[in-house]
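Undergrad: For reference, the file data13.cif (mmCIF, C-alpha atoms) is included below:
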data_query
#
loop_
_atom_site.label_atom_id
_atom_site.label_comp_id
_atom_site.auth_asym_id
_atom_site.auth_seq_id
_atom_site.Cartn_x
_atom_site.Cartn_y
_atom_site.Cartn_z
CA MET A 284 -67.73 -55.81 -27.84
CA THR A 285 -66.78 -52.47 -26.20
CA ASP A 286 -65.99 -49.57 -28.51
CA ASN A 287 -62.75 -48.23 -27.04
CA ASN A 288 -63.45 -44.77 -28.42
CA ARG A 289 -66.96 -44.43 -27.03
CA TYR A 290 -67.49 -43.06 -23.54
CA GLU A 291 -70.40 -42.03 -21.45
CA VAL A 292 -68.60 -38.78 -20.58
CA VAL A 293 -65.63 -36.96 -22.06
CA ILE A 294 -64.11 -34.16 -20.00
CA VAL A 295 -61.96 -31.59 -21.78
CA GLY A 296 -59.48 -30.18 -19.28
CA GLY A 297 -57.68 -31.88 -16.41
CA GLY A 298 -57.50 -29.10 -13.83
CA ALA A 299 -59.36 -28.95 -10.53
CA ALA A 300 -62.79 -28.79 -12.18
CA GLY A 301 -62.19 -31.54 -14.72
CA LEU A 302 -60.56 -33.91 -12.25
CA SER A 303 -63.27 -33.32 -9.66
CA ALA A 304 -65.99 -34.12 -12.20
CA ALA A 305 -64.02 -37.19 -13.28
CA LEU A 306 -63.69 -38.41 -9.70
CA VAL A 307 -67.44 -38.26 -9.12
CA LEU A 308 -68.18 -39.95 -12.44
CA GLY A 309 -65.58 -42.65 -11.91
CA ARG A 310 -67.02 -43.44 -8.50
CA SER A 311 -70.43 -43.56 -10.19
CA ARG A 312 -69.11 -46.31 -12.50
CA ARG A 313 -69.35 -44.14 -15.60
CA ARG A 314 -66.92 -44.79 -18.45
CA THR A 315 -65.12 -41.47 -18.50
CA LEU A 316 -62.22 -39.95 -20.43
CA VAL A 317 -60.28 -36.83 -19.45
CA VAL A 318 -58.42 -35.04 -22.26
CA ASP A 319 -55.81 -32.76 -20.76
CA ALA A 320 -53.37 -30.51 -22.62
CA GLY A 321 -51.33 -29.96 -19.45
CA GLU A 322 -51.55 -26.14 -19.36
CA PRO A 323 -52.97 -25.22 -15.93
CA ARG A 324 -53.61 -21.53 -15.35
CA ASN A 325 -51.87 -21.53 -11.95
CA ALA A 326 -48.68 -23.21 -13.17
CA PRO A 327 -46.53 -20.09 -12.44
CA SER A 328 -47.45 -20.24 -8.73
CA ALA A 329 -45.34 -22.28 -6.35
CA HIS A 330 -48.25 -22.78 -3.98
CA MET A 331 -52.03 -22.52 -3.86
CA GLN A 332 -53.87 -21.15 -0.86
CA GLY A 333 -57.36 -21.12 0.58
CA TYR A 334 -58.23 -24.76 -0.15
CA LEU A 335 -59.07 -26.40 3.18
CA SER A 336 -56.65 -29.27 3.93
CA ARG A 337 -54.59 -28.37 0.82
CA ASP A 338 -53.45 -24.88 1.80
CA GLY A 339 -49.87 -24.33 0.62
CA MET A 340 -49.77 -27.36 -1.67
CA SER A 341 -48.10 -26.82 -5.02
CA PRO A 342 -50.48 -26.83 -8.00
CA ALA A 343 -48.42 -29.55 -9.68
CA GLU A 344 -48.66 -31.84 -6.63
CA PHE A 345 -52.40 -31.17 -6.33
CA LEU A 346 -53.01 -32.23 -9.92
CA ALA A 347 -50.73 -35.28 -9.60
CA VAL A 348 -52.71 -36.49 -6.59
CA GLY A 349 -55.96 -35.87 -8.46
CA ARG A 350 -54.80 -37.91 -11.43
CA GLU A 351 -53.88 -40.79 -9.13
CA GLU A 352 -57.29 -40.66 -7.49
CA ILE A 353 -59.33 -40.79 -10.70
CA ALA A 354 -57.22 -43.69 -11.98
CA ARG A 355 -58.38 -45.78 -9.02
CA TYR A 356 -61.89 -45.70 -10.43
CA GLY A 357 -61.01 -46.56 -13.99
CA VAL A 358 -61.13 -43.05 -15.42
CA GLU A 359 -58.83 -42.70 -18.42
CA LEU A 360 -56.66 -39.63 -18.95
CA VAL A 361 -54.83 -38.76 -22.15
CA ARG A 362 -52.33 -35.96 -22.72
CA ASP A 363 -53.79 -34.28 -25.76
CA ARG A 364 -56.11 -31.50 -26.79
CA VAL A 365 -59.47 -31.47 -28.52
CA VAL A 366 -59.10 -29.72 -31.87
CA ASP A 367 -62.63 -30.21 -33.17
CA VAL A 368 -65.99 -31.21 -31.77
CA THR A 369 -69.43 -31.82 -33.26
CA ARG A 370 -72.75 -33.08 -31.97
CA GLU A 371 -75.16 -35.36 -33.77
CA GLY A 372 -76.87 -37.16 -30.94
CA ASP A 373 -73.60 -38.03 -29.23
CA PHE A 374 -70.64 -35.65 -29.14
CA THR A 375 -67.70 -36.44 -31.39
CA ALA A 376 -64.33 -35.00 -30.42
CA VAL A 377 -61.20 -35.09 -32.57
CA LEU A 378 -57.93 -35.04 -30.64
CA GLY A 379 -54.73 -33.42 -31.81
CA GLY A 380 -53.03 -36.80 -31.99
CA GLY A 381 -55.59 -38.00 -34.52
CA ARG A 382 -57.85 -40.06 -32.28
CA THR A 383 -61.63 -39.55 -32.48
CA VAL A 384 -63.77 -40.23 -29.41
CA ARG A 385 -67.52 -40.11 -28.80
CA ALA A 386 -69.48 -39.31 -25.67
CA ARG A 387 -73.06 -39.02 -24.52
CA GLN A 388 -72.16 -36.02 -22.34
CA LEU A 389 -69.34 -33.51 -22.71
CA VAL A 390 -67.77 -31.37 -19.99
CA ILE A 391 -65.75 -28.29 -20.96
CA ALA A 392 -63.26 -27.49 -18.19
CA THR A 393 -60.65 -25.74 -20.33
CA GLY A 394 -60.23 -22.73 -18.05
CA LEU A 395 -58.81 -19.47 -19.31
CA LYS A 396 -55.54 -17.82 -20.25
CA ASP A 397 -54.05 -14.82 -18.49
CA GLU A 398 -52.75 -12.06 -20.76
CA LEU A 399 -50.38 -9.98 -18.68
CA PRO A 400 -49.81 -6.24 -19.14
CA PRO A 401 -46.86 -5.75 -21.52
CA VAL A 402 -44.48 -4.24 -18.97
CA PRO A 403 -40.87 -5.42 -19.36
CA GLY A 404 -39.93 -7.86 -16.61
CA LEU A 405 -43.47 -8.44 -15.40
CA ALA A 406 -44.18 -11.83 -16.95
CA GLU A 407 -40.92 -13.29 -15.63
CA ARG A 408 -41.92 -12.48 -12.05
CA PHE A 409 -45.59 -13.42 -12.27
CA GLY A 410 -46.57 -15.79 -9.47
CA ARG A 411 -43.59 -14.72 -7.37
CA ASP A 412 -43.47 -11.06 -6.32
CA VAL A 413 -45.81 -10.02 -9.13
CA VAL A 414 -49.21 -11.37 -8.15
CA HIS A 415 -52.84 -10.79 -9.03
CA CYS A 416 -55.07 -11.99 -6.19
CA PRO A 417 -54.81 -11.00 -2.51
CA TYR A 418 -56.81 -14.07 -1.46
CA CYS A 419 -54.25 -16.25 -3.27
CA HIS A 420 -51.09 -14.41 -2.27
CA GLY A 421 -51.89 -11.64 0.21
CA TRP A 422 -50.80 -13.51 3.33
CA GLU A 423 -47.48 -14.49 1.81
CA VAL A 424 -46.62 -10.88 0.86
CA ARG A 425 -48.23 -9.18 3.86
CA ASP A 426 -46.80 -5.95 5.27
CA LYS A 427 -44.45 -5.43 2.32
CA PRO A 428 -44.24 -2.21 0.30
CA THR A 429 -46.77 -2.96 -2.41
CA GLY A 430 -47.82 -1.49 -5.72
CA VAL A 431 -50.97 -2.02 -7.75
CA LEU A 432 -50.71 -1.61 -11.52
CA ALA A 433 -53.89 -0.01 -12.83
CA THR A 434 -55.10 -1.34 -16.16
CA SER A 435 -58.71 -0.20 -15.74
CA PRO A 436 -60.77 1.76 -13.19
CA LEU A 437 -61.51 -1.62 -11.55
CA SER A 438 -57.93 -1.55 -10.28
CA VAL A 439 -59.08 0.93 -7.63
CA HIS A 440 -61.07 -1.87 -6.02
CA GLN A 441 -58.01 -4.12 -6.12
CA ALA A 442 -55.87 -1.47 -4.43
CA LEU A 443 -58.44 -0.98 -1.69
CA MET A 444 -58.68 -4.73 -1.08
CA VAL A 445 -54.90 -5.04 -0.80
CA THR A 446 -54.88 -2.67 2.18
CA GLN A 447 -56.27 -5.50 4.30
CA TRP A 448 -52.87 -7.21 3.97
CA THR A 449 -50.51 -4.21 3.94
CA LYS A 450 -50.86 -0.52 4.69
CA ASP A 451 -48.04 0.57 2.36
CA VAL A 452 -49.87 0.60 -0.97
CA ARG A 453 -49.33 2.75 -4.05
CA LEU A 454 -51.72 2.72 -6.97
CA PHE A 455 -49.77 3.27 -10.20
CA LEU A 456 -52.34 4.66 -12.64
CA HIS A 457 -50.38 3.36 -15.65
CA GLU A 458 -53.16 2.99 -18.27
CA VAL A 459 -55.81 4.89 -16.28
CA ALA A 460 -56.28 8.66 -16.38
CA GLU A 461 -56.87 10.48 -13.11
CA SER A 462 -60.09 11.80 -14.59
CA GLU A 463 -61.43 8.23 -14.71
CA LEU A 464 -61.39 8.00 -10.92
CA THR A 465 -64.66 8.99 -9.28
CA ASP A 466 -64.96 11.20 -6.22
CA GLN A 467 -65.90 8.10 -4.24
CA ASP A 468 -62.78 6.34 -5.51
CA LEU A 469 -60.58 9.21 -4.39
CA ARG A 470 -62.23 9.43 -0.97
CA ARG A 471 -61.84 5.73 -0.35
CA LEU A 472 -58.24 5.68 -1.53
CA ALA A 473 -57.38 8.61 0.73
CA THR A 474 -59.14 7.05 3.71
CA ALA A 475 -57.30 3.77 3.14
CA GLY A 476 -53.98 5.56 2.86
CA VAL A 477 -53.34 4.49 -0.73
CA ALA A 478 -50.99 6.84 -2.59
CA VAL A 479 -52.12 7.52 -6.18
CA VAL A 480 -49.19 7.79 -8.61
CA PRO A 481 -49.88 9.06 -12.15
CA GLY A 482 -47.82 8.00 -15.13
CA ALA A 483 -47.08 4.78 -16.94
CA VAL A 484 -44.83 2.05 -15.53
CA VAL A 485 -42.17 1.22 -18.12
CA GLU A 486 -40.21 -1.52 -16.36
CA LEU A 487 -39.69 -3.44 -13.16
CA VAL A 488 -36.50 -2.98 -11.19
CA THR A 489 -34.91 -6.07 -9.62
CA ALA A 490 -31.85 -7.00 -7.59
CA ASP A 491 -30.68 -10.48 -6.59
CA ASP A 492 -33.70 -11.98 -8.35
CA ARG A 493 -36.25 -10.03 -6.35
CA LEU A 494 -38.44 -7.04 -7.09
CA THR A 495 -37.12 -3.81 -5.66
CA GLY A 496 -39.16 -1.19 -7.51
CA VAL A 497 -40.98 0.06 -10.57
CA ARG A 498 -39.70 2.70 -12.98
CA LEU A 499 -42.08 5.27 -14.45
CA GLU A 500 -41.87 6.86 -17.89
CA ASP A 501 -40.39 10.04 -16.35
CA GLY A 502 -37.48 7.99 -14.97
CA THR A 503 -38.49 8.03 -11.32
CA VAL A 504 -38.25 4.74 -9.41
CA HIS A 505 -40.65 3.81 -6.64
CA GLY A 506 -39.31 1.21 -4.26
CA ARG A 507 -41.75 -1.72 -4.09
CA GLU A 508 -41.27 -5.35 -3.09
CA VAL A 509 -44.62 -6.59 -4.41
CA LEU A 510 -46.70 -5.60 -7.42
CA TYR A 511 -50.30 -6.62 -8.04
CA ALA A 512 -51.10 -6.74 -11.74
CA ALA A 513 -54.47 -7.90 -13.04
CA PRO A 514 -54.16 -9.99 -16.21
CA ARG A 515 -56.73 -9.81 -18.97
CA ALA A 516 -58.78 -12.99 -18.82
CA VAL A 517 -59.16 -14.81 -22.14
CA PRO A 518 -61.65 -17.69 -21.76
CA ASN A 519 -60.84 -20.89 -23.63
CA ASN A 520 -64.37 -20.99 -25.03
CA GLU A 521 -63.70 -22.11 -28.60
CA LEU A 522 -65.35 -25.52 -28.16
CA LEU A 523 -68.40 -23.98 -26.51
CA ILE A 524 -68.76 -21.57 -29.40
CA ARG A 525 -68.34 -24.37 -31.93
CA LEU A 526 -71.16 -26.33 -30.32
CA GLY A 527 -73.49 -23.32 -30.27
CA ALA A 528 -73.64 -22.66 -26.52
CA GLU A 529 -75.15 -19.30 -25.64
CA LEU A 530 -72.58 -16.93 -24.12
CA ARG A 531 -72.93 -13.98 -21.78
CA GLU A 532 -70.68 -10.96 -21.95
CA THR A 533 -68.88 -9.86 -18.78
CA PRO A 534 -66.12 -7.31 -18.06
CA PHE A 535 -63.79 -10.34 -17.96
CA GLY A 536 -64.74 -12.08 -21.20
CA SER A 537 -67.50 -14.24 -22.67
CA TYR A 538 -68.70 -17.18 -20.59
CA PRO A 539 -71.45 -19.73 -21.22
CA VAL A 540 -74.95 -19.32 -19.88
CA ILE A 541 -75.31 -22.23 -17.42
CA ASP A 542 -77.79 -23.41 -14.84
CA GLU A 543 -76.89 -24.01 -11.20
CA ARG A 544 -75.45 -27.43 -12.09
CA GLY A 545 -73.24 -26.24 -14.94
CA LEU A 546 -75.43 -27.29 -17.88
CA THR A 547 -75.15 -24.96 -20.87
CA THR A 548 -77.94 -24.15 -23.32
CA VAL A 549 -76.84 -27.16 -25.42
CA PRO A 550 -78.26 -30.45 -24.09
CA GLY A 551 -75.53 -32.69 -22.70
CA LEU A 552 -72.90 -29.91 -22.78
CA TRP A 553 -71.52 -28.78 -19.41
CA ALA A 554 -69.05 -26.12 -18.28
CA ALA A 555 -67.07 -26.09 -15.04
CA GLY A 556 -64.27 -24.12 -13.43
CA ASN A 557 -62.89 -21.05 -15.17
CA ALA A 558 -64.55 -22.18 -18.39
CA SER A 559 -67.80 -21.21 -16.67
CA GLY A 560 -66.69 -17.97 -15.01
CA PHE A 561 -63.73 -15.72 -14.28
CA ALA A 562 -63.70 -15.86 -10.48
CA GLU A 563 -63.56 -19.63 -9.93
CA GLN A 564 -60.57 -20.24 -7.69
CA VAL A 565 -59.26 -23.78 -7.23
CA VAL A 566 -61.65 -24.67 -4.43
CA ASN A 567 -64.61 -23.21 -6.34
CA ALA A 568 -63.56 -24.98 -9.54
CA ALA A 569 -63.41 -28.31 -7.74
CA SER A 570 -66.87 -27.68 -6.31
CA ARG A 571 -68.24 -26.84 -9.77
CA GLY A 572 -66.74 -30.02 -11.17
CA TYR A 573 -68.21 -32.13 -8.38
CA ARG A 574 -71.66 -30.63 -8.92
CA ALA A 575 -71.51 -31.20 -12.68
CA GLY A 576 -70.32 -34.78 -12.24
CA ALA A 577 -73.17 -35.67 -9.91
CA ALA A 578 -75.72 -34.00 -12.18
CA ILE A 579 -74.39 -35.82 -15.25
CA ASN A 580 -74.64 -39.20 -13.53
CA ALA A 581 -78.27 -38.49 -12.66
CA GLU A 582 -79.02 -37.29 -16.21
CA LEU A 583 -77.59 -40.48 -17.71
CA LEU A 584 -79.39 -42.71 -15.25
CA MET A 585 -82.79 -41.11 -15.84
CA ALA A 586 -82.32 -41.11 -19.61
CA ASP A 587 -81.57 -44.83 -19.57
CA LEU A 588 -84.53 -45.57 -17.31
CA ASP A 589 -86.86 -43.57 -19.55
CA ALA A 590 -85.51 -45.31 -22.66
CA GLY A 591 -86.03 -48.72 -21.04
CA ALA A 592 -89.61 -47.88 -20.19
CA LEU A 593 -90.57 -47.20 -23.81
#
Represent the supplied structure as structure tokens.
TA:
Amino acid sequence: MTDNNRYEVVIVGGGAAGLSAALVLGRSRRRTLVVDAGEPRNAPSAHMQGYLSRDGMSPAEFLAVGREEIARYGVELVRDRVVDVTREGDFTAVLGGGRTVRARQLVIATGLKDELPPVPGLAERFGRDVVHCPYCHGWEVRDKPTGVLATSPLSVHQALMVTQWTKDVRLFLHEVAESELTDQDLRRLATAGVAVVPGAVVELVTADDRLTGVRLEDGTVHGREVLYAAPRAVPNNELLIRLGAELRETPFGSYPVIDERGLTTVPGLWAAGNASGFAEQVVNAASRGYRAGAAINAELLMADLDAGAL
């Protein structure tokens, strides 16, 4: 008799990485469960870009198609979240709805959360005319008067990158002191034609539901139609920590130490997508999920062969 709560693989997270891993595992005839809380990082965006053959597709449509595809291969998906997980041989995961499931291998594809700078009006416009990535949004907002909100000295790099898409760029220092900019920063900004504006931004100015400018603490308003604002990345790494995976510290949060396939330092525990690193865009996350899925199938197959040979 089949135990309905025992799987070969449980995947926590139903975004690009989790669904990609599930697709590979389903096609490999592995009994697989995806647990998805339905909180994709890119939900505020109307479109996603840079994914060959899917450029311009809405994130919601992309995920809906992915869910349909994994269902064809018998992969189960439940709308829930994992609230506790332990490992004694197999992994045991407790879902928020009360169900307990077990798996030989566990994939963490829980992504990360974006904590936006606390500027009034910014969160409401995020994903529209307040954006964070020129590769995701630069083409759509090209040639518009653009601002970059500095939250760390790394924002200089962001402002320089943005000049590939528009030449009218102002770097609002906001939380960064002028003294924090290096001589090389200042030379590059000047060469790129980026205006450096000291002072904190206190609110966004809008008209007819579009961004028209940013107001500084001294009351001056700078007309801008686009604002780049880098969120603070908060990895959803609670389950990895609970299972004892080794983490590495980065300027963008703590992420698991993984090998080239996505295997963490805990046997049978895998990480994919933004759960494994900050810079995994949708196409990269899908690739990470595919690689992990293929590696997991091979791991299970070899383990069973070795067990049968004893």
Undergrad: Could you pull the residues within 12 Å of Asp468 in chain A, counting only C-alpha atoms, minus those fewer than 2 positions along the same chain, as an mmCIF file with C-alpha atoms, in the coordinates of the input?
TA:
data_model
loop_
_atom_site.group_PDB
_atom_site.id
_atom_site.type_symbol
_atom_site.label_atom_id
_atom_site.label_comp_id
_atom_site.auth_asym_id
_atom_site.auth_seq_id
_atom_site.Cartn_x
_atom_site.Cartn_y
_atom_site.Cartn_z
ATOM 1 C CA PRO A 436 -60.770 1.760 -13.190
ATOM 2 C CA LEU A 437 -61.510 -1.620 -11.550
ATOM 3 C CA SER A 438 -57.930 -1.550 -10.280
ATOM 4 C CA VAL A 439 -59.080 0.930 -7.630
ATOM 5 C CA HIS A 440 -61.070 -1.870 -6.020
ATOM 6 C CA GLN A 441 -58.010 -4.120 -6.120
ATOM 7 C CA ALA A 442 -55.870 -1.470 -4.430
ATOM 8 C CA LEU A 443 -58.440 -0.980 -1.690
ATOM 9 C CA LEU A 454 -51.720 2.720 -6.970
ATOM 10 C CA GLU A 461 -56.870 10.480 -13.110
ATOM 11 C CA SER A 462 -60.090 11.800 -14.590
ATOM 12 C CA GLU A 463 -61.430 8.230 -14.710
ATOM 13 C CA LEU A 464 -61.390 8.000 -10.920
ATOM 14 C CA THR A 465 -64.660 8.990 -9.280
ATOM 15 C CA ASP A 466 -64.960 11.200 -6.220
ATOM 16 C CA ARG A 470 -62.230 9.430 -0.970
ATOM 17 C CA ARG A 471 -61.840 5.730 -0.350
ATOM 18 C CA LEU A 472 -58.240 5.680 -1.530
ATOM 19 C CA ALA A 473 -57.380 8.610 0.730
ATOM 20 C CA THR A 474 -59.140 7.050 3.710
ATOM 21 C CA ALA A 475 -57.300 3.770 3.140
ATOM 22 C CA VAL A 477 -53.340 4.490 -0.730
ATOM 23 C CA VAL A 479 -52.120 7.520 -6.180
#
Undergrad: Which residue gives the smallest distance to Asn520 in chain A among A:Arg408, A:Trp448, A:Arg493, A:Leu395, with only C-alpha atoms counted?
TA: A:Leu395
Undergrad: To one decimal place, how far is CA of Val431 in chain A from CA of Leu469 in chain A in Å?
TA: 15.2 Å
Undergrad: Do you know which residues the PyMOL selection byres ((chain A and resi 547) around 12) returns on this file, as a PyMOL selection string?
TA: chain A and resi 388-391+523-524+526-531+538-546+548-555+558-559+575
Undergrad: Provide the CA of Val488 in chain A to CA of Ala433 in chain A distance in Å, to one decimal place.
TA: 17.7 Å
Undergrad: Using all atoms listed in the file, which residues of range 425-541 of chain A come within 12 Å of range 321-331 of chain A, and what is the closest atom pair for each, with the distance in Å to one decimal? Give it as CSV, sorted by chain and residue number.
TA:
residue,atom,partner,partner_atom,distance
A:Pro514,CA,A:Arg324,CA,11.6
A:Ala516,CA,A:Arg324,CA,10.6
A:Val517,CA,A:Arg324,CA,11.0
A:Pro518,CA,A:Arg324,CA,11.0
A:Asn519,CA,A:Arg324,CA,11.0
Undergrad: Would you please work out which residue, of A:Arg362, A:Leu316, A:Ser341, A:Val509, is nearest to Phe409 in chain A when using only C-alpha atoms?
TA: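 Looking at the shortest contact to Phe409 in chain A, the residue is A:Val509.
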Undergrad: Counting only C-alpha atoms, which residues have an atom no more than 6 Å from (-55.9, -32.1, -31.6) in the file's coordinates? Please list them as a PyMOL selection string.
TA: chain A and resi 364-366+378-380
Undergrad: Go through the shown structure with the PyMOL selection byres ((chain A and resi 502) around 12) and write out the matching residues as a ChimeraX atom specification.
TA: /A:482-488,496-501,503-505
Undergrad: Would you please work out which residue, of A:Ala392, A:Gly381, A:Ala478, A:Gln332, is nearest to Gly421 in chain A when using all atoms listed in the file?
TA: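 Smallest separation from Gly421 in chain A among the options: A:Gln332.
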Undergrad: On this structure, which residues satisfy the PyMOL selection byres ((chain A and resi 333-336) around 12), written as an MDAnalysis selection string?
TA: chainID A and resid 299 330:332 337:342 345 416:423 564:570
Undergrad: Which polymer residues have any atom within 12 Å of an atom of Glu508 in chain A, counting all atoms listed in the file, with same-chain residues fewer than 4 positions away left out, as a PDB file with C-alpha atoms, in the frame of the given file?
TA:
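What ended up in part08.pdb:
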ATOM      1  CA  ARG A 408     -41.920 -12.480 -12.050  1.00  0.00           C
ATOM      2  CA  ARG A 411     -43.590 -14.720  -7.370  1.00  0.00           C
ATOM      3  CA  ASP A 412     -43.470 -11.060  -6.320  1.00  0.00           C
ATOM      4  CA  VAL A 413     -45.810 -10.020  -9.130  1.00  0.00           C
ATOM      5  CA  VAL A 414     -49.210 -11.370  -8.150  1.00  0.00           C
ATOM      6  CA  VAL A 424     -46.620 -10.880   0.860  1.00  0.00           C
ATOM      7  CA  ARG A 425     -48.230  -9.180   3.860  1.00  0.00           C
ATOM      8  CA  ASP A 426     -46.800  -5.950   5.270  1.00  0.00           C
ATOM      9  CA  LYS A 427     -44.450  -5.430   2.320  1.00  0.00           C
ATOM     10  CA  PRO A 428     -44.240  -2.210   0.300  1.00  0.00           C
ATOM     11  CA  THR A 429     -46.770  -2.960  -2.410  1.00  0.00           C
ATOM     12  CA  GLY A 430     -47.820  -1.490  -5.720  1.00  0.00           C
ATOM     13  CA  VAL A 431     -50.970  -2.020  -7.750  1.00  0.00           C
ATOM     14  CA  THR A 449     -50.510  -4.210   3.940  1.00  0.00           C
ATOM     15  CA  ASP A 451     -48.040   0.570   2.360  1.00  0.00           C
ATOM     16  CA  VAL A 452     -49.870   0.600  -0.970  1.00  0.00           C
ATOM     17  CA  ARG A 453     -49.330   2.750  -4.050  1.00  0.00           C
ATOM     18  CA  LEU A 487     -39.690  -3.440 -13.160  1.00  0.00           C
ATOM     19  CA  VAL A 488     -36.500  -2.980 -11.190  1.00  0.00           C
ATOM     20  CA  THR A 489     -34.910  -6.070  -9.620  1.00  0.00           C
ATOM     21  CA  ALA A 490     -31.850  -7.000  -7.590  1.00  0.00           C
ATOM     22  CA  ASP A 492     -33.700 -11.980  -8.350  1.00  0.00           C
ATOM     23  CA  ARG A 493     -36.250 -10.030  -6.350  1.00  0.00           C
ATOM     24  CA  LEU A 494     -38.440  -7.040  -7.090  1.00  0.00           C
ATOM     25  CA  THR A 495     -37.120  -3.810  -5.660  1.00  0.00           C
ATOM     26  CA  GLY A 496     -39.160  -1.190  -7.510  1.00  0.00           C
ATOM     27  CA  VAL A 497     -40.980   0.060 -10.570  1.00  0.00           C
TER      28      VAL A 497
END
Undergrad: Identify, on the basis of only C-alpha atoms, every residue whose closest approach to range 347-354 of chain A does not exceed 12 Å; exclude the query and any residue fewer than 4 positions from it along the same chain; express the result as a ChimeraX atom specification.
TA: /A:296-319,321,337,340-343,358-362,569
Undergrad: Ranking A:Ile579, A:Glu563, A:Leu432, A:Gly372 by minimum distance to Ile294 in chain A and counting only C-alpha atoms, which one comes first?
TA: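 When distances to Ile294 in chain A are compared using only C-alpha atoms, the smallest one comes from A:Ile579.
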Undergrad: Would you compute the distance between CA of Glu521 in chain A and CA of Ala376 in chain A? Give it in Å to one decimal.
TA: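 We find that CA of Glu521 in chain A and CA of Ala376 in chain A lie 13.0 Å from each other.
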Undergrad: Compute the distance from (-49.2, -10.8, -22.7) to each atom, counting only C-alpha atoms, keep the residues with any atom at most 12 Å away, and return them as a PyMOL selection string; use the coordinates of the file.
TA: chain A and resi 396-407+409+512-517
Undergrad: Which is closer to Leu510 in chain A than all the others in A:Leu588, A:Leu346, A:Val445, A:Val384, using only C-alpha atoms?
TA: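 Selected residue with least distance to Leu510 in chain A: A:Val445.
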Undergrad: Provide range 484-496 of chain A of the preceding structure as a file containing N, CA and C atoms, as an mmCIF file, in the first residue's frame.
TA:
data_model
loop_
_atom_site.group_PDB
_atom_site.id
_atom_site.type_symbol
_atom_site.label_atom_id
_atom_site.label_comp_id
_atom_site.auth_asym_id
_atom_site.auth_seq_id
_atom_site.Cartn_x
_atom_site.Cartn_y
_atom_site.Cartn_z
ATOM 1 N N VAL A 484 15.933 61.659 0.345
ATOM 2 C CA VAL A 484 14.636 61.716 -0.333
ATOM 3 C C VAL A 484 13.560 61.428 0.711
ATOM 4 N N VAL A 485 12.572 62.319 0.809
ATOM 5 C CA VAL A 485 11.544 62.156 1.837
ATOM 6 C C VAL A 485 10.209 61.682 1.281
ATOM 7 N N GLU A 486 9.987 61.842 -0.016
ATOM 8 C CA GLU A 486 8.757 61.316 -0.602
ATOM 9 C C GLU A 486 8.839 61.333 -2.119
ATOM 10 N N LEU A 487 7.974 60.516 -2.737
ATOM 11 C CA LEU A 487 7.846 60.538 -4.183
ATOM 12 C C LEU A 487 6.691 61.446 -4.566
ATOM 13 N N VAL A 488 6.847 62.120 -5.687
ATOM 14 C CA VAL A 488 5.819 63.017 -6.187
ATOM 15 C C VAL A 488 5.162 62.349 -7.396
ATOM 16 N N THR A 489 3.848 62.297 -7.406
ATOM 17 C CA THR A 489 3.123 61.652 -8.495
ATOM 18 C C THR A 489 2.025 62.564 -9.028
ATOM 19 N N ALA A 490 1.599 62.272 -10.248
ATOM 20 C CA ALA A 490 0.456 62.944 -10.869
ATOM 21 C C ALA A 490 -0.167 61.963 -11.848
ATOM 22 N N ASP A 491 -1.488 61.842 -11.804
ATOM 23 C CA ASP A 491 -2.212 60.933 -12.693
ATOM 24 C C ASP A 491 -1.641 59.524 -12.613
ATOM 25 N N ASP A 492 -1.351 59.093 -11.405
ATOM 26 C CA ASP A 492 -0.849 57.746 -11.138
ATOM 27 C C ASP A 492 0.448 57.439 -11.887
ATOM 28 N N ARG A 493 1.331 58.420 -11.942
ATOM 29 C CA ARG A 493 2.652 58.181 -12.494
ATOM 30 C C ARG A 493 3.664 59.020 -11.727
ATOM 31 N N LEU A 494 4.880 58.539 -11.667
ATOM 32 C CA LEU A 494 5.937 59.253 -10.968
ATOM 33 C C LEU A 494 6.339 60.492 -11.759
ATOM 34 N N THR A 495 6.409 61.599 -11.053
ATOM 35 C CA THR A 495 6.853 62.836 -11.707
ATOM 36 C C THR A 495 8.105 63.422 -11.063
ATOM 37 N N GLY A 496 8.435 62.977 -9.835
ATOM 38 C CA GLY A 496 9.627 63.526 -9.200
ATOM 39 C C GLY A 496 9.857 62.971 -7.813
#
